[in-house]
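Taking it in order: structure first as structure tokens, then the write-up.
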Amino acid sequence: MNVAAAIPQPVRLAQLPRLAPGTVAAVDWHALSEPEGRRLRELGLDEGVEVEMLHRSSLLGGGPVACRIGRMTVALRRHVAAAIHVLPNAAGR
């Protein structure tokens with residue numbers, strides 16, 4: 001058995017498959033503006049929080065994404081979602 005294959009690797013929230021739950025592994029706070037970081041903290045987003053990708057905009061160049069953070073559904077700009085690193089949950093819900 002390949003041990004490296006058994007360990008899930010973090011992906012960006014914007015790349016998480018639709019309706020696949022995950023756990024926030026890290027947030028690249030330096031990639032976000034101060035108001036963006038403050039908003040994420042106010043929403044309770046930090047390491048260990050459960051997230052789920054719900055919908056991606058089909059706009060060319062990438063529009064906003066809808067995701068569930070804990071029990072809330074929120075819209076995030078694509079670059080904000082890209083700053084959030086998530087470990088996909090292997091077993092799902």
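Here, A, B, ... name the chains of the structure tokens in the order displayed, residue numbers run from 1 inside each chain, and ligands are numbered from 1 in the same displayed order.
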If you count only C-alpha atoms, which residues fall within 12 Å of A:Thr23, apart from same-chain ones fewer than 5 positions away, as an mmCIF file with all heavy atoms, in the first residue's frame?
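Dumped everything to around-v2.cif:
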data_model
loop_
_atom_site.group_PDB
_atom_site.id
_atom_site.type_symbol
_atom_site.label_atom_id
_atom_site.label_comp_id
_atom_site.auth_asym_id
_atom_site.auth_seq_id
_atom_site.Cartn_x
_atom_site.Cartn_y
_atom_site.Cartn_z
ATOM 1 N N PRO A 8 -4.788 12.181 2.710
ATOM 2 C CA PRO A 8 -5.409 13.199 1.846
ATOM 3 C C PRO A 8 -4.584 14.480 1.809
ATOM 4 O O PRO A 8 -4.035 14.904 2.815
ATOM 5 C CB PRO A 8 -6.773 13.441 2.494
ATOM 6 C CG PRO A 8 -6.677 12.900 3.867
ATOM 7 C CD PRO A 8 -5.578 11.893 3.889
ATOM 8 N N GLN A 9 -4.490 15.066 0.632
ATOM 9 C CA GLN A 9 -3.746 16.302 0.443
ATOM 10 C C GLN A 9 -4.719 17.478 0.398
ATOM 11 O O GLN A 9 -5.800 17.361 -0.182
ATOM 12 C CB GLN A 9 -2.949 16.243 -0.858
ATOM 13 C CG GLN A 9 -1.880 15.164 -0.862
ATOM 14 C CD GLN A 9 -0.832 15.392 0.212
ATOM 15 O OE1 GLN A 9 -0.306 16.486 0.354
ATOM 16 N NE2 GLN A 9 -0.546 14.362 0.983
ATOM 17 N N PRO A 10 -4.358 18.621 0.983
ATOM 18 C CA PRO A 10 -5.250 19.782 0.931
ATOM 19 C C PRO A 10 -5.436 20.282 -0.499
ATOM 20 O O PRO A 10 -4.517 20.214 -1.313
ATOM 21 C CB PRO A 10 -4.528 20.844 1.769
ATOM 22 C CG PRO A 10 -3.514 20.112 2.560
ATOM 23 C CD PRO A 10 -3.164 18.886 1.774
ATOM 24 N N VAL A 11 -6.637 20.759 -0.786
ATOM 25 C CA VAL A 11 -6.955 21.411 -2.053
ATOM 26 C C VAL A 11 -7.536 22.772 -1.715
ATOM 27 O O VAL A 11 -7.956 23.016 -0.591
ATOM 28 C CB VAL A 11 -7.958 20.595 -2.907
ATOM 29 C CG1 VAL A 11 -7.378 19.253 -3.297
ATOM 30 C CG2 VAL A 11 -9.278 20.430 -2.186
ATOM 31 N N ARG A 12 -7.554 23.645 -2.681
ATOM 32 C CA ARG A 12 -8.179 24.954 -2.449
ATOM 33 C C ARG A 12 -9.690 24.771 -2.432
ATOM 34 O O ARG A 12 -10.219 23.923 -3.155
ATOM 35 C CB ARG A 12 -7.768 25.925 -3.535
ATOM 36 C CG ARG A 12 -6.282 26.218 -3.520
ATOM 37 C CD ARG A 12 -5.886 27.138 -4.664
ATOM 38 N NE ARG A 12 -4.455 27.261 -4.773
ATOM 39 C CZ ARG A 12 -3.732 28.160 -4.121
ATOM 40 N NH1 ARG A 12 -4.322 29.018 -3.315
ATOM 41 N NH2 ARG A 12 -2.431 28.216 -4.281
ATOM 42 N N LEU A 13 -10.368 25.539 -1.606
ATOM 43 C CA LEU A 13 -11.823 25.432 -1.522
ATOM 44 C C LEU A 13 -12.462 25.582 -2.894
ATOM 45 O O LEU A 13 -13.411 24.876 -3.229
ATOM 46 C CB LEU A 13 -12.387 26.482 -0.551
ATOM 47 C CG LEU A 13 -13.906 26.537 -0.417
ATOM 48 C CD1 LEU A 13 -14.466 25.199 0.041
ATOM 49 C CD2 LEU A 13 -14.319 27.640 0.535
ATOM 50 N N LEU A 16 -12.542 22.194 -4.545
ATOM 51 C CA LEU A 16 -13.224 21.093 -3.879
ATOM 52 C C LEU A 16 -14.400 20.649 -4.746
ATOM 53 O O LEU A 16 -15.142 21.490 -5.258
ATOM 54 C CB LEU A 16 -13.715 21.547 -2.500
ATOM 55 C CG LEU A 16 -14.220 20.477 -1.545
ATOM 56 C CD1 LEU A 16 -13.072 19.560 -1.123
ATOM 57 C CD2 LEU A 16 -14.825 21.134 -0.315
ATOM 58 N N LEU A 45 -14.706 31.209 10.063
ATOM 59 C CA LEU A 45 -13.851 30.358 9.248
ATOM 60 C C LEU A 45 -12.441 30.349 9.813
ATOM 61 O O LEU A 45 -11.812 31.394 9.946
ATOM 62 C CB LEU A 45 -13.812 30.830 7.793
ATOM 63 C CG LEU A 45 -13.121 29.786 6.922
ATOM 64 C CD1 LEU A 45 -14.087 29.288 5.885
ATOM 65 C CD2 LEU A 45 -11.891 30.344 6.313
ATOM 66 N N ASP A 46 -11.966 29.173 10.161
ATOM 67 C CA ASP A 46 -10.610 28.986 10.654
ATOM 68 C C ASP A 46 -10.278 27.509 10.532
ATOM 69 O O ASP A 46 -11.130 26.712 10.128
ATOM 70 C CB ASP A 46 -10.484 29.444 12.103
ATOM 71 C CG ASP A 46 -9.079 29.922 12.454
ATOM 72 O OD1 ASP A 46 -8.153 29.701 11.657
ATOM 73 O OD2 ASP A 46 -8.916 30.514 13.530
ATOM 74 N N GLU A 47 -9.083 27.122 10.879
ATOM 75 C CA GLU A 47 -8.675 25.726 10.781
ATOM 76 C C GLU A 47 -9.625 24.834 11.582
ATOM 77 O O GLU A 47 -10.055 25.197 12.675
ATOM 78 C CB GLU A 47 -7.255 25.552 11.295
ATOM 79 C CG GLU A 47 -6.217 26.176 10.398
ATOM 80 C CD GLU A 47 -4.804 25.988 10.913
ATOM 81 O OE1 GLU A 47 -4.586 25.144 11.803
ATOM 82 O OE2 GLU A 47 -3.919 26.698 10.419
ATOM 83 N N GLY A 48 -9.968 23.685 11.001
ATOM 84 C CA GLY A 48 -10.821 22.712 11.681
ATOM 85 C C GLY A 48 -12.306 22.856 11.410
ATOM 86 O O GLY A 48 -13.086 21.997 11.804
ATOM 87 N N VAL A 49 -12.707 23.925 10.733
ATOM 88 C CA VAL A 49 -14.132 24.165 10.461
ATOM 89 C C VAL A 49 -14.558 23.336 9.250
ATOM 90 O O VAL A 49 -13.836 23.211 8.272
ATOM 91 C CB VAL A 49 -14.380 25.671 10.208
ATOM 92 C CG1 VAL A 49 -15.792 25.930 9.739
ATOM 93 C CG2 VAL A 49 -14.079 26.463 11.460
ATOM 94 N N GLU A 50 -15.756 22.766 9.329
ATOM 95 C CA GLU A 50 -16.314 21.987 8.223
ATOM 96 C C GLU A 50 -16.836 22.925 7.141
ATOM 97 O O GLU A 50 -17.517 23.916 7.447
ATOM 98 C CB GLU A 50 -17.472 21.113 8.713
ATOM 99 C CG GLU A 50 -17.058 20.029 9.665
ATOM 100 C CD GLU A 50 -16.291 18.916 8.990
ATOM 101 O OE1 GLU A 50 -16.676 18.520 7.872
ATOM 102 O OE2 GLU A 50 -15.302 18.450 9.576
ATOM 103 N N VAL A 51 -16.502 22.622 5.879
ATOM 104 C CA VAL A 51 -16.972 23.404 4.737
ATOM 105 C C VAL A 51 -17.467 22.447 3.655
ATOM 106 O O VAL A 51 -17.128 21.260 3.658
ATOM 107 C CB VAL A 51 -15.869 24.323 4.157
ATOM 108 C CG1 VAL A 51 -15.456 25.386 5.146
ATOM 109 C CG2 VAL A 51 -14.669 23.517 3.707
ATOM 110 N N GLU A 52 -18.257 22.982 2.741
ATOM 111 C CA GLU A 52 -18.764 22.193 1.624
ATOM 112 C C GLU A 52 -18.990 23.122 0.437
ATOM 113 O O GLU A 52 -19.607 24.169 0.584
ATOM 114 C CB GLU A 52 -20.077 21.527 2.021
ATOM 115 C CG GLU A 52 -20.680 20.658 0.958
ATOM 116 C CD GLU A 52 -21.968 20.001 1.414
ATOM 117 O OE1 GLU A 52 -22.468 20.321 2.506
ATOM 118 O OE2 GLU A 52 -22.481 19.168 0.666
ATOM 119 N N MET A 53 -18.466 22.740 -0.731
ATOM 120 C CA MET A 53 -18.682 23.514 -1.952
ATOM 121 C C MET A 53 -20.087 23.204 -2.456
ATOM 122 O O MET A 53 -20.425 22.043 -2.668
ATOM 123 C CB MET A 53 -17.647 23.145 -3.013
ATOM 124 C CG MET A 53 -17.884 23.779 -4.359
ATOM 125 S SD MET A 53 -17.863 25.572 -4.337
ATOM 126 C CE MET A 53 -16.168 25.875 -3.933
ATOM 127 N N ARG A 68 -20.894 26.151 2.074
ATOM 128 C CA ARG A 68 -21.435 26.054 3.424
ATOM 129 C C ARG A 68 -20.249 26.090 4.371
ATOM 130 O O ARG A 68 -19.297 25.328 4.213
ATOM 131 C CB ARG A 68 -22.221 24.758 3.581
ATOM 132 C CG ARG A 68 -22.916 24.654 4.923
ATOM 133 C CD ARG A 68 -23.892 23.498 4.981
ATOM 134 N NE ARG A 68 -25.013 23.802 4.076
ATOM 135 C CZ ARG A 68 -25.447 22.977 3.130
ATOM 136 N NH1 ARG A 68 -24.868 21.821 2.940
ATOM 137 N NH2 ARG A 68 -26.469 23.306 2.376
ATOM 138 N N ILE A 69 -20.329 26.996 5.333
ATOM 139 C CA ILE A 69 -19.328 27.095 6.390
ATOM 140 C C ILE A 69 -20.073 26.803 7.680
ATOM 141 O O ILE A 69 -20.916 27.596 8.099
ATOM 142 C CB ILE A 69 -18.683 28.498 6.457
ATOM 143 C CG1 ILE A 69 -17.988 28.837 5.147
ATOM 144 C CG2 ILE A 69 -17.712 28.579 7.627
ATOM 145 C CD1 ILE A 69 -17.443 30.248 5.077
ATOM 146 N N GLY A 70 -19.786 25.651 8.268
ATOM 147 C CA GLY A 70 -20.571 25.234 9.428
ATOM 148 C C GLY A 70 -22.007 25.019 8.987
ATOM 149 O O GLY A 70 -22.276 24.200 8.114
ATOM 150 N N ILE A 84 -8.326 29.493 0.763
ATOM 151 C CA ILE A 84 -8.740 28.569 1.817
ATOM 152 C C ILE A 84 -8.339 27.158 1.386
ATOM 153 O O ILE A 84 -8.782 26.671 0.350
ATOM 154 C CB ILE A 84 -10.257 28.658 2.051
ATOM 155 C CG1 ILE A 84 -10.638 30.090 2.433
ATOM 156 C CG2 ILE A 84 -10.695 27.665 3.121
ATOM 157 C CD1 ILE A 84 -12.126 30.370 2.385
ATOM 158 N N HIS A 85 -7.502 26.504 2.176
ATOM 159 C CA HIS A 85 -7.016 25.163 1.871
ATOM 160 C C HIS A 85 -7.813 24.150 2.700
ATOM 161 O O HIS A 85 -7.937 24.302 3.917
ATOM 162 C CB HIS A 85 -5.523 25.046 2.161
ATOM 163 C CG HIS A 85 -4.724 26.032 1.382
ATOM 164 N ND1 HIS A 85 -4.289 25.790 0.099
ATOM 165 C CD2 HIS A 85 -4.318 27.296 1.682
ATOM 166 C CE1 HIS A 85 -3.635 26.842 -0.347
ATOM 167 N NE2 HIS A 85 -3.639 27.774 0.596
ATOM 168 N N VAL A 86 -8.354 23.140 2.007
ATOM 169 C CA VAL A 86 -9.292 22.209 2.613
ATOM 170 C C VAL A 86 -8.804 20.770 2.449
ATOM 171 O O VAL A 86 -8.303 20.394 1.391
ATOM 172 C CB VAL A 86 -10.672 22.353 1.926
ATOM 173 C CG1 VAL A 86 -11.673 21.368 2.472
ATOM 174 C CG2 VAL A 86 -11.191 23.773 2.089
ATOM 175 N N LEU A 87 -8.995 19.964 3.491
ATOM 176 C CA LEU A 87 -8.773 18.525 3.404
ATOM 177 C C LEU A 87 -10.120 17.873 3.101
ATOM 178 O O LEU A 87 -11.052 17.980 3.907
ATOM 179 C CB LEU A 87 -8.232 17.969 4.722
ATOM 180 C CG LEU A 87 -6.783 18.241 5.021
ATOM 181 C CD1 LEU A 87 -6.437 17.809 6.445
ATOM 182 C CD2 LEU A 87 -5.894 17.529 4.035
ATOM 183 N N PRO A 88 -10.264 17.240 1.942
ATOM 184 C CA PRO A 88 -11.531 16.571 1.644
ATOM 185 C C PRO A 88 -11.801 15.459 2.652
ATOM 186 O O PRO A 88 -10.885 14.747 3.051
ATOM 187 C CB PRO A 88 -11.308 15.989 0.238
ATOM 188 C CG PRO A 88 -10.165 16.759 -0.330
ATOM 189 C CD PRO A 88 -9.309 17.148 0.841
ATOM 190 N N ASN A 89 -13.054 15.341 3.074
ATOM 191 C CA ASN A 89 -13.444 14.270 3.975
ATOM 192 C C ASN A 89 -13.655 13.009 3.168
ATOM 193 O O ASN A 89 -14.503 12.979 2.270
ATOM 194 C CB ASN A 89 -14.715 14.622 4.745
ATOM 195 C CG ASN A 89 -14.505 15.771 5.709
ATOM 196 O OD1 ASN A 89 -13.386 16.208 5.934
ATOM 197 N ND2 ASN A 89 -15.576 16.259 6.282
ATOM 198 N N ALA A 90 -12.906 11.968 3.465
ATOM 199 C CA ALA A 90 -12.971 10.731 2.692
ATOM 200 C C ALA A 90 -14.310 10.027 2.845
ATOM 201 O O ALA A 90 -14.860 9.522 1.884
ATOM 202 C CB ALA A 90 -11.841 9.799 3.119
ATOM 203 N N GLY A 92 -17.211 11.385 3.749
ATOM 204 C CA GLY A 92 -18.403 12.212 3.520
ATOM 205 C C GLY A 92 -19.138 12.424 4.819
ATOM 206 O O GLY A 92 -18.609 12.300 5.885
ATOM 207 N N ARG A 93 -20.445 12.728 4.722
ATOM 208 C CA ARG A 93 -21.233 12.990 5.928
ATOM 209 C C ARG A 93 -21.888 11.755 6.439
ATOM 210 O O ARG A 93 -22.364 10.919 5.819
ATOM 211 C CB ARG A 93 -22.291 14.038 5.623
ATOM 212 C CG ARG A 93 -21.667 15.376 5.490
ATOM 213 C CD ARG A 93 -22.708 16.431 5.328
ATOM 214 N NE ARG A 93 -22.001 17.669 5.129
ATOM 215 C CZ ARG A 93 -22.360 18.800 5.604
ATOM 216 N NH1 ARG A 93 -23.434 18.928 6.304
ATOM 217 N NH2 ARG A 93 -21.668 19.873 5.392
#
For the structure I just gave you, how does DSSP split chain A - specifically, which residues are alpha helix (DSSP H)? Reply as a PDB file with C-alpha atoms, in the first residue's frame.
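Everything below was put into out11.pdb:
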ATOM      1  CA  VAL A   3       1.253   5.448   2.349  1.00  0.00           C
ATOM      2  CA  ALA A   4       1.418   8.812   0.531  1.00  0.00           C
ATOM      3  CA  ALA A   5      -1.723   7.932  -1.456  1.00  0.00           C
ATOM      4  CA  ALA A   6      -3.632   7.159   1.762  1.00  0.00           C
ATOM      5  CA  GLU A  34      -7.818  43.073   5.647  1.00  0.00           C
ATOM      6  CA  PRO A  35     -11.629  43.402   5.168  1.00  0.00           C
ATOM      7  CA  GLU A  36     -11.788  39.979   3.458  1.00  0.00           C
ATOM      8  CA  GLY A  37      -9.870  38.328   6.288  1.00  0.00           C
ATOM      9  CA  ARG A  38     -12.003  40.068   8.898  1.00  0.00           C
ATOM     10  CA  ARG A  39     -15.196  38.878   7.157  1.00  0.00           C
ATOM     11  CA  LEU A  40     -13.985  35.274   7.093  1.00  0.00           C
ATOM     12  CA  ARG A  41     -13.096  35.430  10.782  1.00  0.00           C
ATOM     13  CA  GLU A  42     -16.513  36.932  11.570  1.00  0.00           C
ATOM     14  CA  ARG A  78     -13.191  33.031  -6.324  1.00  0.00           C
ATOM     15  CA  HIS A  79      -9.834  34.456  -5.101  1.00  0.00           C
ATOM     16  CA  VAL A  80     -11.044  34.289  -1.492  1.00  0.00           C
ATOM     17  CA  ALA A  81     -12.059  30.628  -1.922  1.00  0.00           C
ATOM     18  CA  ALA A  82      -8.630  29.975  -3.463  1.00  0.00           C
TER      19      ALA A  82
END
*Distance of atom CA of A:Ser57 from atom CA of A:Val74, expressed in Å to one decimal place*: 13.3 Å
_I'd like the interatomic distance between atom CA of A:Ala14 and atom CA of A:Ala66, to a tenth of an Å._
9.6 Å
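Using only C-alpha atoms, the nearest neighbour of A:Gly22 within the list A:Leu54, A:Gly44, A:Gly62, A:Arg77 is A:Leu54.
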*Could you find all residues in chain A that DSSP calls strand (DSSP E) from the backbone, and write them as a PyMOL selection string?*
chain A and resi 11-12+21-27+50-56+65-69+72-76+84-88
*What does the distance between atom CA of A:Trp29 and atom CA of A:Ser58 come to in Å, to one decimal place?*
26.1 Å
